[in-house]
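Here's entry.cif, which has mmCIF, C-alpha atoms:
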```cif
data_model
loop_
_atom_site.label_atom_id
_atom_site.label_comp_id
_atom_site.auth_asym_id
_atom_site.auth_seq_id
_atom_site.Cartn_x
_atom_site.Cartn_y
_atom_site.Cartn_z
CA MET A 12 21.39 19.68 7.48
CA THR A 13 19.37 16.60 6.58
CA HIS A 14 17.16 15.25 9.34
CA PRO A 15 18.10 11.67 10.36
CA TRP A 16 14.53 10.47 9.88
CA THR A 17 14.43 11.95 6.36
CA ALA A 18 17.76 10.31 5.52
CA LEU A 19 16.47 6.98 6.87
CA LYS A 20 13.30 7.24 4.79
CA TYR A 21 15.34 8.06 1.69
CA TRP A 22 17.67 5.13 2.27
CA PHE A 23 14.74 2.80 2.89
CA SER A 24 12.91 3.96 -0.25
CA THR A 25 16.00 3.38 -2.41
CA TRP A 26 16.83 0.02 -0.84
CA ILE A 27 13.40 -1.60 -0.78
CA PRO A 28 12.43 -3.48 -3.97
CA LYS A 29 9.98 -1.77 -6.30
CA GLY A 30 8.14 -4.88 -7.53
CA LEU A 31 4.99 -6.22 -5.84
CA TYR A 32 6.33 -9.78 -5.86
CA ALA A 33 9.54 -8.85 -4.02
CA ARG A 34 7.68 -6.62 -1.55
CA SER A 35 5.16 -9.36 -0.82
CA LEU A 36 8.01 -11.76 -0.09
CA ILE A 37 9.51 -9.24 2.31
CA ILE A 38 6.12 -8.89 4.04
CA ILE A 39 6.10 -12.66 4.58
CA ILE A 40 9.79 -13.25 5.28
CA ALA A 41 10.42 -10.32 7.65
CA PRO A 42 7.84 -11.35 10.30
CA MET A 43 8.89 -14.98 9.97
CA VAL A 44 12.57 -14.14 10.52
CA LEU A 45 11.69 -11.81 13.40
CA LEU A 46 9.49 -14.43 15.06
CA GLN A 47 12.06 -17.18 14.70
CA SER A 48 14.80 -14.89 15.99
CA VAL A 49 12.75 -14.14 19.11
CA VAL A 50 11.95 -17.84 19.58
CA ALA A 51 15.60 -18.80 19.12
CA PHE A 52 16.72 -16.11 21.59
CA VAL A 53 14.17 -17.23 24.17
CA PHE A 54 15.17 -20.84 23.60
CA MET A 55 18.85 -20.06 24.01
CA GLU A 56 18.24 -17.91 27.05
CA ARG A 57 15.60 -19.98 28.85
CA HIS A 58 16.22 -23.52 27.72
CA TRP A 59 19.66 -24.14 26.30
CA GLN A 60 21.62 -22.21 28.91
CA MET A 61 19.41 -23.31 31.80
CA VAL A 62 19.54 -27.00 30.89
CA THR A 63 23.29 -26.86 30.25
CA GLU A 64 23.82 -25.17 33.61
CA ARG A 65 21.80 -27.80 35.45
CA LEU A 66 23.50 -30.71 33.67
CA SER A 67 26.93 -29.25 34.42
CA THR A 68 25.94 -28.80 38.05
CA ALA A 69 24.88 -32.44 38.26
CA VAL A 70 28.13 -33.72 36.69
CA VAL A 71 30.27 -31.60 39.02
CA ARG A 72 28.20 -32.80 41.97
CA ASP A 73 28.97 -36.42 41.02
CA ILE A 74 32.66 -35.59 40.68
CA SER A 75 32.58 -33.90 44.08
CA ALA A 76 31.01 -37.03 45.57
CA ILE A 77 33.79 -39.16 44.07
CA ILE A 78 36.42 -36.85 45.58
CA ASP A 79 34.74 -37.20 48.98
CA LEU A 80 34.88 -40.99 48.65
CA LEU A 81 38.53 -40.93 47.66
CA GLU A 82 39.42 -38.70 50.59
CA THR A 83 37.31 -40.73 53.01
CA TYR A 84 38.87 -44.02 51.89
CA PRO A 85 42.40 -43.05 50.83
CA GLN A 86 43.62 -46.68 50.56
CA GLU A 87 44.58 -47.63 47.02
CA ALA A 88 42.77 -50.96 47.44
CA ASP A 89 39.45 -49.11 47.52
CA TYR A 90 40.13 -47.18 44.32
CA GLU A 91 38.86 -50.02 42.16
CA ASN A 92 35.46 -49.96 43.91
CA VAL A 93 35.22 -46.19 43.53
CA ILE A 94 36.10 -46.47 39.81
CA ARG A 95 33.48 -49.24 39.40
CA ILE A 96 30.78 -47.27 41.19
CA ALA A 97 31.55 -44.14 39.15
CA GLN A 98 31.35 -46.09 35.90
CA GLN A 99 28.27 -48.17 36.67
CA ARG A 100 26.19 -45.72 38.71
CA LEU A 101 27.34 -42.30 37.51
CA ALA A 102 28.38 -43.07 33.89
CA LEU A 103 31.77 -41.46 34.57
CA ASN A 104 35.06 -42.99 33.48
CA ILE A 105 37.61 -42.04 36.14
CA SER A 106 41.24 -42.84 36.81
CA ILE A 107 43.74 -41.94 39.53
CA LEU A 108 46.94 -40.36 38.19
CA PRO A 109 50.25 -39.58 39.92
CA PRO A 110 50.51 -36.11 41.47
CA ASP A 111 52.03 -34.58 38.36
CA PRO A 112 51.41 -30.92 37.54
CA LEU A 113 48.21 -30.20 35.62
CA PRO A 114 48.56 -29.45 31.89
CA ALA A 115 48.91 -25.86 30.84
CA PRO A 116 45.57 -24.08 30.38
CA SER A 117 44.28 -24.60 26.86
CA PRO A 118 42.94 -21.68 24.79
CA LYS A 119 39.40 -20.85 25.78
CA PRO A 120 36.79 -21.20 23.03
CA PHE A 121 35.22 -17.98 21.78
CA PHE A 122 31.73 -19.14 22.65
CA SER A 123 31.18 -22.21 24.83
CA ILE A 124 28.66 -22.17 27.61
CA LEU A 125 29.74 -25.69 28.59
CA ASP A 126 33.26 -24.51 29.36
CA TYR A 127 31.87 -21.54 31.27
CA PHE A 128 29.36 -23.45 33.42
CA LEU A 129 31.74 -26.36 34.17
CA SER A 130 34.44 -23.95 35.32
CA GLU A 131 31.97 -22.02 37.46
CA GLU A 132 30.57 -25.15 39.13
CA ILE A 133 33.97 -26.77 39.76
CA THR A 134 35.16 -23.57 41.38
CA ARG A 135 32.01 -23.31 43.48
CA GLN A 136 31.59 -26.96 44.53
CA ILE A 137 35.13 -28.38 44.58
CA ASN A 138 37.33 -25.29 44.81
CA ARG A 139 40.58 -27.07 43.90
CA PRO A 140 43.02 -26.65 41.05
CA PHE A 141 41.51 -28.15 37.90
CA TRP A 142 41.93 -28.44 34.16
CA ILE A 143 39.16 -29.13 31.65
CA ASP A 144 39.06 -29.83 27.94
CA THR A 145 35.72 -29.18 26.23
CA VAL A 146 37.13 -28.28 22.81
CA GLY A 147 37.01 -30.60 19.82
CA ASP A 148 34.58 -32.90 18.08
CA SER A 149 34.89 -35.63 20.68
CA ASP A 150 31.79 -36.80 22.54
CA LEU A 151 33.79 -36.82 25.77
CA VAL A 152 34.72 -34.03 28.16
CA GLU A 153 37.96 -34.45 30.15
CA ILE A 154 38.24 -33.00 33.67
CA ARG A 155 41.31 -33.18 35.89
CA VAL A 156 41.24 -32.15 39.55
CA LYS A 157 44.39 -31.94 41.65
CA LEU A 158 43.97 -33.70 44.99
CA GLU A 159 46.39 -33.82 47.93
CA ASN A 160 48.37 -36.88 46.84
CA ASN A 161 47.28 -37.51 43.27
CA VAL A 162 45.22 -36.25 40.34
CA LEU A 163 41.66 -37.34 39.52
CA ARG A 164 40.95 -37.60 35.80
CA VAL A 165 37.31 -37.87 34.73
CA PHE A 166 35.86 -38.56 31.30
CA ALA A 167 32.19 -37.67 30.97
CA ARG A 168 29.96 -37.84 27.94
CA ARG A 169 29.35 -34.39 26.50
CA SER A 170 25.61 -35.03 26.56
CA GLN A 171 25.75 -35.46 30.36
CA ALA A 172 26.79 -31.82 30.83
CA TYR A 173 25.47 -30.14 27.69
CA ALA A 174 22.01 -29.63 26.11
CA SER A 175 22.83 -31.37 22.85
CA ASN A 176 19.35 -31.08 21.29
CA THR A 177 20.03 -27.49 20.20
CA GLY A 178 21.10 -28.52 16.71
CA ILE A 179 17.92 -30.52 16.22
CA PHE A 180 15.83 -27.55 17.35
CA LEU A 181 17.60 -25.12 15.00
CA THR A 182 17.40 -27.63 12.13
CA TRP A 183 13.65 -27.92 12.61
CA MET A 184 13.31 -24.14 12.73
CA VAL A 185 15.27 -23.59 9.52
CA GLY A 186 13.59 -26.54 7.80
CA THR A 187 10.05 -25.40 8.59
CA ALA A 188 10.94 -21.83 7.57
CA LEU A 189 12.17 -23.06 4.17
CA VAL A 190 9.03 -25.17 3.68
CA LEU A 191 6.77 -22.23 4.57
CA LEU A 192 8.80 -19.93 2.32
CA THR A 193 8.50 -22.36 -0.61
CA ILE A 194 4.73 -22.56 -0.15
CA ALA A 195 4.51 -18.76 0.13
CA ILE A 196 6.54 -18.25 -3.07
CA PHE A 197 4.33 -20.74 -4.94
CA PHE A 198 1.09 -19.06 -3.90
CA LEU A 199 2.48 -15.54 -4.35
CA ARG A 200 3.50 -16.29 -7.93
CA ASN A 201 -0.01 -17.52 -8.68
CA GLN A 202 -1.59 -14.43 -7.09
CA ILE A 203 0.71 -11.86 -8.70
CA LYS A 204 0.65 -13.40 -12.18
CA PRO A 205 -2.94 -12.14 -12.88
CA ILE A 206 -1.89 -8.63 -11.78
CA GLN A 207 1.05 -8.72 -14.20
CA GLN A 208 -1.25 -9.92 -16.99
CA LEU A 209 -3.68 -7.10 -16.23
CA ALA A 210 -0.84 -4.58 -16.34
CA ASP A 211 0.35 -5.97 -19.71
CA ALA A 212 -3.20 -5.76 -21.09
CA ALA A 213 -3.56 -2.15 -19.91
CA GLU A 214 -0.16 -1.25 -21.40
CA SER A 215 -1.07 -2.86 -24.72
CA PHE A 216 -4.34 -0.94 -24.79
CA GLY A 217 -2.50 2.31 -24.02
CA LYS A 218 -0.20 1.64 -26.98
CA GLY A 219 -3.12 0.86 -29.29
CA ARG A 220 -2.27 -2.82 -29.55
CA ALA A 221 -4.59 -5.82 -29.43
CA MET A 222 -5.47 -7.57 -26.18
CA PRO A 223 -2.76 -10.09 -25.16
CA GLU A 224 -3.70 -13.58 -26.29
CA GLY A 225 -5.40 -15.65 -23.61
CA PHE A 226 -6.03 -12.75 -21.22
CA LYS A 227 -8.97 -13.26 -18.88
CA PRO A 228 -9.75 -12.11 -15.33
CA GLN A 229 -8.38 -14.57 -12.79
CA GLY A 230 -6.73 -14.70 -9.37
CA ALA A 231 -8.12 -13.20 -6.18
CA GLU A 232 -11.60 -11.70 -6.16
CA GLU A 233 -10.31 -8.11 -6.12
CA VAL A 234 -7.98 -8.80 -9.06
CA ARG A 235 -10.79 -10.46 -11.03
CA LYS A 236 -13.03 -7.44 -10.39
CA ALA A 237 -10.26 -5.14 -11.64
CA GLY A 238 -9.81 -7.31 -14.75
CA ILE A 239 -13.54 -7.31 -15.50
CA ALA A 240 -13.72 -3.53 -14.98
CA PHE A 241 -10.76 -3.07 -17.37
CA ILE A 242 -12.40 -5.20 -20.08
CA GLN A 243 -15.68 -3.28 -19.73
CA MET A 244 -13.82 0.03 -19.86
CA ARG A 245 -11.96 -1.06 -22.99
CA GLU A 246 -15.19 -2.13 -24.66
CA ARG A 247 -16.82 1.23 -23.84
CA ILE A 248 -13.84 3.17 -25.22
CA GLU A 249 -13.70 1.06 -28.39
CA ARG A 250 -17.47 1.51 -28.84
CA GLN A 251 -17.09 5.28 -28.48
CA ILE A 252 -14.21 5.31 -30.99
CA GLU A 253 -16.32 3.33 -33.47
CA GLN A 254 -19.28 5.67 -33.01
CA ARG A 255 -17.05 8.74 -33.37
CA THR A 256 -15.40 7.31 -36.49
CA ALA A 257 -18.79 6.54 -38.05
CA MET A 258 -20.05 10.04 -37.23
CA LEU A 259 -16.94 11.68 -38.66
CA SER A 260 -17.20 9.58 -41.80
CA GLY A 261 -20.76 10.83 -42.30
CA VAL A 262 -19.77 14.45 -41.66
CA SER A 263 -16.79 14.13 -43.98
CA HIS A 264 -18.95 12.67 -46.76
CA ASP A 265 -21.58 15.41 -46.47
CA LEU A 266 -19.06 18.27 -46.41
CA ARG A 267 -17.06 16.84 -49.30
CA THR A 268 -20.27 16.57 -51.28
CA ILE A 269 -21.00 20.27 -50.73
CA LEU A 270 -17.46 21.29 -51.67
CA THR A 271 -17.65 19.15 -54.82
CA ARG A 272 -20.90 20.90 -55.72
CA PHE A 273 -19.21 24.27 -55.28
CA LYS A 274 -16.40 23.19 -57.59
CA LEU A 275 -18.88 21.95 -60.20
CA GLN A 276 -20.85 25.21 -60.12
CA LEU A 277 -17.64 27.23 -60.54
CA ALA A 278 -16.64 25.06 -63.47
CA LEU A 279 -20.04 25.61 -65.12
CA ALA A 280 -19.74 29.37 -64.60
CA GLY A 281 -17.11 29.40 -67.34
CA ASN A 282 -15.06 32.49 -67.97
CA SER A 283 -17.74 34.94 -66.91
CA LEU A 284 -16.25 35.16 -63.43
CA ASP A 285 -12.77 35.15 -61.96
CA THR A 286 -13.04 31.73 -60.29
CA GLU A 287 -9.37 31.31 -59.32
CA PRO A 288 -9.72 32.87 -55.82
CA LEU A 289 -12.89 30.89 -55.21
CA ASN A 290 -11.20 27.64 -56.25
CA GLN A 291 -8.31 28.44 -53.94
CA ASP A 292 -10.74 29.04 -51.07
CA ILE A 293 -12.42 25.70 -51.74
CA THR A 294 -9.03 23.96 -51.80
CA ASP A 295 -8.10 25.60 -48.50
CA MET A 296 -11.43 24.60 -47.00
CA GLN A 297 -10.88 21.04 -48.15
CA THR A 298 -7.39 21.01 -46.62
CA MET A 299 -8.67 22.42 -43.35
CA LEU A 300 -11.53 19.93 -43.30
CA GLU A 301 -9.14 17.01 -43.76
CA GLY A 302 -6.95 18.35 -40.95
CA TYR A 303 -9.85 18.75 -38.54
CA LEU A 304 -11.19 15.29 -39.33
CA ALA A 305 -7.76 13.72 -38.99
CA PHE A 306 -7.25 15.31 -35.58
CA ALA A 307 -10.72 14.35 -34.35
CA ARG A 308 -10.35 10.81 -35.72
CA GLY A 309 -7.23 10.25 -33.60
CA GLU A 310 -5.60 6.87 -33.73
CA GLY A 311 -8.58 5.17 -35.33
CA SER A 312 -8.57 1.39 -35.48
CA GLU A 313 -5.30 0.68 -37.30
CA GLU A 314 -3.54 -2.48 -36.13
CA THR A 315 0.14 -2.56 -35.22
CA SER A 316 2.66 -4.15 -37.57
CA VAL A 317 6.31 -3.79 -38.61
CA LEU A 318 7.33 -0.50 -40.23
CA ASP A 319 10.63 -0.15 -42.10
CA LEU A 320 12.04 3.24 -41.09
CA GLN A 321 14.57 3.16 -43.91
CA ILE A 322 11.79 3.19 -46.51
CA LEU A 323 10.04 6.05 -44.69
CA PHE A 324 13.26 8.07 -44.43
CA ASP A 325 14.08 7.54 -48.12
CA ARG A 326 10.64 8.83 -49.07
CA LEU A 327 11.08 11.91 -46.87
CA LYS A 328 14.51 12.58 -48.44
CA HIS A 329 12.96 12.37 -51.91
CA ASP A 330 10.19 14.82 -50.93
CA SER A 331 12.72 17.27 -49.49
CA THR A 332 14.76 17.15 -52.69
CA LEU A 333 11.66 18.06 -54.70
CA ARG A 334 11.18 21.04 -52.38
CA GLY A 335 14.78 22.13 -52.84
CA LYS A 336 15.71 21.45 -49.19
CA ASP A 337 18.63 19.50 -47.67
CA LEU A 338 17.57 16.49 -45.53
CA THR A 339 20.03 13.97 -44.12
CA ALA A 340 18.75 10.79 -42.48
CA SER A 341 20.48 8.00 -40.52
CA ILE A 342 19.49 4.98 -38.41
CA ASP A 343 21.46 3.30 -35.62
CA GLY A 344 20.37 -0.31 -35.22
CA SER A 345 17.50 -2.16 -36.85
CA PRO A 346 15.18 -0.09 -39.09
CA ASP A 347 12.17 -2.30 -38.23
CA VAL A 348 9.79 -1.04 -35.51
CA ASN A 349 6.47 -2.40 -34.30
CA VAL A 350 3.99 0.51 -34.60
CA ARG A 351 0.82 1.50 -36.41
CA PRO A 352 2.51 2.15 -39.77
CA ASN A 353 0.22 4.83 -41.26
CA ASP A 354 -0.11 6.81 -38.04
CA PHE A 355 3.59 6.66 -37.24
CA SER A 356 4.54 7.62 -40.77
CA ARG A 357 2.27 10.62 -40.45
CA LEU A 358 3.85 11.50 -37.09
CA VAL A 359 7.38 11.63 -38.55
CA SER A 360 6.19 13.30 -41.76
CA ASN A 361 4.44 16.07 -39.82
CA LEU A 362 7.59 16.90 -37.86
CA VAL A 363 9.85 16.76 -40.91
CA SER A 364 7.43 18.88 -43.01
CA ASN A 365 7.18 21.41 -40.20
CA ALA A 366 11.01 21.61 -40.05
CA LEU A 367 11.40 21.90 -43.85
CA ARG A 368 8.84 24.70 -43.92
CA TYR A 369 11.05 26.95 -41.78
CA ALA A 370 14.59 25.69 -42.44
CA ASP A 371 16.94 24.89 -45.30
CA LYS A 372 18.78 22.02 -43.59
CA VAL A 373 17.18 19.19 -41.57
CA ASP A 374 18.90 16.26 -39.89
CA LEU A 375 16.77 13.15 -39.17
CA HIS A 376 18.24 10.45 -36.91
CA ALA A 377 16.77 7.29 -35.32
CA ARG A 378 18.31 5.03 -32.70
CA HIS A 379 17.32 2.32 -30.21
CA GLN A 380 18.27 3.05 -26.60
CA ASP A 381 17.24 1.44 -23.27
CA GLY A 382 14.14 -0.22 -24.71
CA PHE A 383 12.96 2.94 -26.52
CA LEU A 384 13.01 4.14 -30.11
CA GLU A 385 14.25 7.73 -30.25
CA ILE A 386 13.91 9.83 -33.40
CA THR A 387 15.37 13.36 -33.47
CA VAL A 388 14.52 16.02 -36.06
CA ASP A 389 17.04 18.91 -36.06
CA ASP A 390 16.80 22.01 -38.24
CA ASN A 391 18.63 25.32 -38.73
CA GLY A 392 15.49 27.45 -38.71
CA SER A 393 14.46 30.26 -36.38
CA GLY A 394 13.34 27.92 -33.59
CA ILE A 395 10.62 28.44 -30.98
CA PRO A 396 11.07 30.30 -27.67
CA GLU A 397 11.32 27.91 -24.75
CA GLU A 398 8.28 29.38 -22.98
CA SER A 399 6.13 28.74 -26.08
CA ARG A 400 7.17 25.17 -26.89
CA GLU A 401 4.30 23.51 -25.05
CA ASP A 402 1.75 25.89 -26.56
CA VAL A 403 2.45 24.76 -30.13
CA PHE A 404 1.12 21.29 -29.24
CA LYS A 405 -2.29 22.70 -28.30
CA PRO A 406 -4.97 22.40 -31.01
CA PHE A 407 -5.74 25.57 -32.96
CA VAL A 408 -3.18 27.63 -31.04
CA ARG A 409 -1.31 30.02 -33.33
CA LEU A 410 1.83 31.86 -32.32
CA ASP A 411 3.05 35.09 -33.91
CA ALA A 412 5.95 33.18 -35.44
CA ALA A 413 4.44 29.75 -35.14
CA ARG A 414 6.29 26.81 -36.50
CA ASN A 415 3.21 24.60 -36.82
CA GLN A 416 1.26 26.56 -39.41
CA ASP A 417 1.52 28.11 -42.85
CA ALA A 418 -0.72 30.36 -44.90
CA GLY A 419 -3.30 27.63 -45.37
CA GLY A 420 -2.55 25.56 -42.31
CA THR A 421 -4.83 24.61 -39.45
CA GLY A 422 -2.40 24.73 -36.52
CA LEU A 423 -2.96 20.99 -35.91
CA GLY A 424 0.24 19.43 -37.30
CA LEU A 425 2.14 19.18 -34.01
CA ALA A 426 -1.03 18.45 -32.03
CA ILE A 427 -1.74 15.46 -34.27
CA ALA A 428 1.91 14.36 -34.03
CA ARG A 429 1.92 14.39 -30.20
CA ASP A 430 -1.45 12.62 -30.12
CA ILE A 431 -0.04 9.81 -32.27
CA ALA A 432 3.15 9.59 -30.19
CA ARG A 433 1.22 9.35 -26.93
CA SER A 434 -1.13 6.75 -28.38
CA HIS A 435 2.01 4.64 -28.89
CA GLY A 436 2.96 5.07 -25.22
CA GLY A 437 5.56 7.76 -25.89
CA ASP A 438 5.78 11.53 -26.31
CA ILE A 439 7.33 14.41 -28.26
CA THR A 440 9.54 17.07 -26.67
CA LEU A 441 11.13 20.21 -28.14
CA HIS A 442 14.67 21.45 -27.44
CA ASP A 443 17.37 23.68 -28.87
CA SER A 444 19.06 22.12 -31.88
CA PRO A 445 22.84 21.89 -32.43
CA LEU A 446 22.11 23.24 -35.92
CA GLY A 447 20.84 26.48 -34.40
CA GLY A 448 17.11 25.92 -34.80
CA LEU A 449 14.65 23.51 -33.17
CA ARG A 450 15.09 19.89 -32.16
CA ALA A 451 12.00 17.66 -31.94
CA VAL A 452 12.50 14.34 -30.14
CA ILE A 453 10.11 11.42 -30.56
CA GLN A 454 10.46 8.70 -27.93
CA ILE A 455 8.26 5.58 -27.86
CA PRO A 456 8.71 2.09 -26.35
CA ALA A 457 10.43 -0.13 -28.88
#
```
Show me this structure written as structure tokens.
Amino acid sequence: MTHPWTALKYWFSTWIPKGLYARSLIIIIAPMVLLQSVVAFVFMERHWQMVTERLSTAVVRDISAIIDLLETYPQEADYENVIRIAQQRLALNISILPPDPLPAPSPKPFFSILDYFLSEEITRQINRPFWIDTVGDSDLVEIRVKLENNVLRVFARRSQAYASNTGIFLTWMVGTALVLLTIAIFFLRNQIKPIQQLADAAESFGKGRAMPEGFKPQGAEEVRKAGIAFIQMRERIERQIEQRTAMLSGVSHDLRTILTRFKLQLALAGNSLDTEPLNQDITDMQTMLEGYLAFARGEGSEETSVLDLQILFDRLKHDSTLRGKDLTASIDGSPDVNVRPNDFSRLVSNLVSNALRYADKVDLHARHQDGFLEITVDDNGSGIPEESREDVFKPFVRLDAARNQDAGGTGLGLAIARDIARSHGGDITLHDSPLGGLRAVIQIPA
């Protein structure tokens, strides 16, 4: 059984926004709403209700005084003076009606503290049959009280018995909250924008792309420090790549020179020796050397540009035909992708060559899905056991029935392929193929 606290945490984690901008707004809005709710509750409880109660008490007290006057001086000739005093001194418009029955009770409003307090005070101070009407948009409140010989009707201004400044208070609260929220949104956007730019720059660097145009550290001090640290880190990494590339170029030149010398000496030896095995060894050494250098060189410094997958697939189909193998290729969507063309071509070629080496039929398919480019390479070969699929991506690892090597191979084909895929921000995974062999899936951001 799931613990309630665990369920609450799970619900909260799924409901809360994932972006920093939205979370920052919640951090600002939630306390503001909570504070204003508390203030509004205190205002309603301590001010609005209390003032309305006291105003209603005062109005009912005036009405009670008028009733005392009418009962003290019951002559109709004195009614005009009582009406005049009520209007001039008490701001109440009263009239004396015949002793007709009071109107039927009107429906009580769902929420009206004025109706509640007036009824309570009339019952407490006057304690006679009464009828009140506080419903409607009128500025007047009508009160009828049944006397012994007639009915007293009173019209009082709603503001005399009701704290009418509540709307102004709530309007000010909502208005100031909106102003503060607008200011907060403006400043938050300016503070989060540098973080988004830094994230874009880091993502571009991870994909081997150039720095976004116009990027520079800005924003809060901590964000600027992070931006400066990122730029320095990028410069150090690029400097190391340049130094490594220069070193490898020197090593490659020296080793090729030695191998060329070997070939020349074998050629000068003529027919006195059987040089065919030695030439084959030199060719294998040259192939291995190129593989090692290519793996160590990594992504190099190639810039990203548009690669036409259709041209690449057509070339791979032509190569498979020359090897007497069956390769089918298809593309769903646009064939143009923004990658490092040479590296990505090598990535796909490595996987296809590896499949053709161990299978007779290979199916190559590319499609765009959810912002990613997905390329699948299926074959009908012997496949690779599931527990060994990650091992074949390790450099120089050789399996008993390895799919990433041949007689003169280096065991680096799949390692180089995954390295290129990850340098593009993606990866390669291996699965069972519908054709009965191995399926290799390349997935990179499109």
Given the PyMOL selection byres ((chain A and resi 40) around 12) and the file above, list the residues it selects as a ChimeraX atom specification. /A:33-39,41-48,188-189,191-196
Target residues per the PyMOL selection byres ((chain A and resi 100-114) around 9), formatted as number ranges by chain: A: 70, 73-74, 90, 93-99, 115-117, 140-142, 155-168, 171
Using only C-alpha atoms for the distances, tell me which of A:Leu66, A:Met222, A:Ile242, A:Leu266 is nearest to Arg169 in chain A.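 Residue with the minimum atom-to-atom distance to Arg169 in chain A: A:Leu66.
Residues in contact range of Arg72 in chain A, defined as at most 10 Å between all atoms listed in the file, with sequence neighbours fewer than 6 positions away removed, read Leu66, Ile78, Glu132, Ile133, Gln136 and Ile137 of chain A.
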Write out as a list of chain:residue names the residues lying within 9 Å of Ile124 in chain A, counting all atoms listed in the file and excluding same-chain residues fewer than 5 positions away.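 My reading of the contact set: A:Gln60, A:Thr63, A:Glu64, A:Leu129, A:Tyr173.
Reported to one decimal place, the separation of CA of Asp402 in chain A from CA of Arg429 in chain A is 12.1 Å.
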Do you have the CA of Phe355 in chain A-CA of Ala432 in chain A distance handy?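 Answer for the CA of Phe355 in chain A to CA of Ala432 in chain A separation: 7.6 Å.
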CA of Asp89 in chain A to CA of Arg139 in chain A, straight-line distance in Å: 22.4 Å
Once the PyMOL selection byres ((chain A and resi 359) around 9) is applied to the coordinates I shared, what remains selected? I want it as number ranges by chain. A: 323, 354-358, 360-364, 386, 388, 428, 453
Excluding Asn391 in chain A and any residue of its chain fewer than 4 positions from it, enumerate the residues within 10 Å of it, using only C-alpha atoms, and give them as number ranges by chain. A: 366-367, 369-374, 444-450
A:Ala174, A:Val49, A:Val152, A:Ile252: which is nearest Val62 in chain A, counting only C-alpha atoms?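 Checking each candidate against Val62 in chain A, we get A:Ala174 as the closest.
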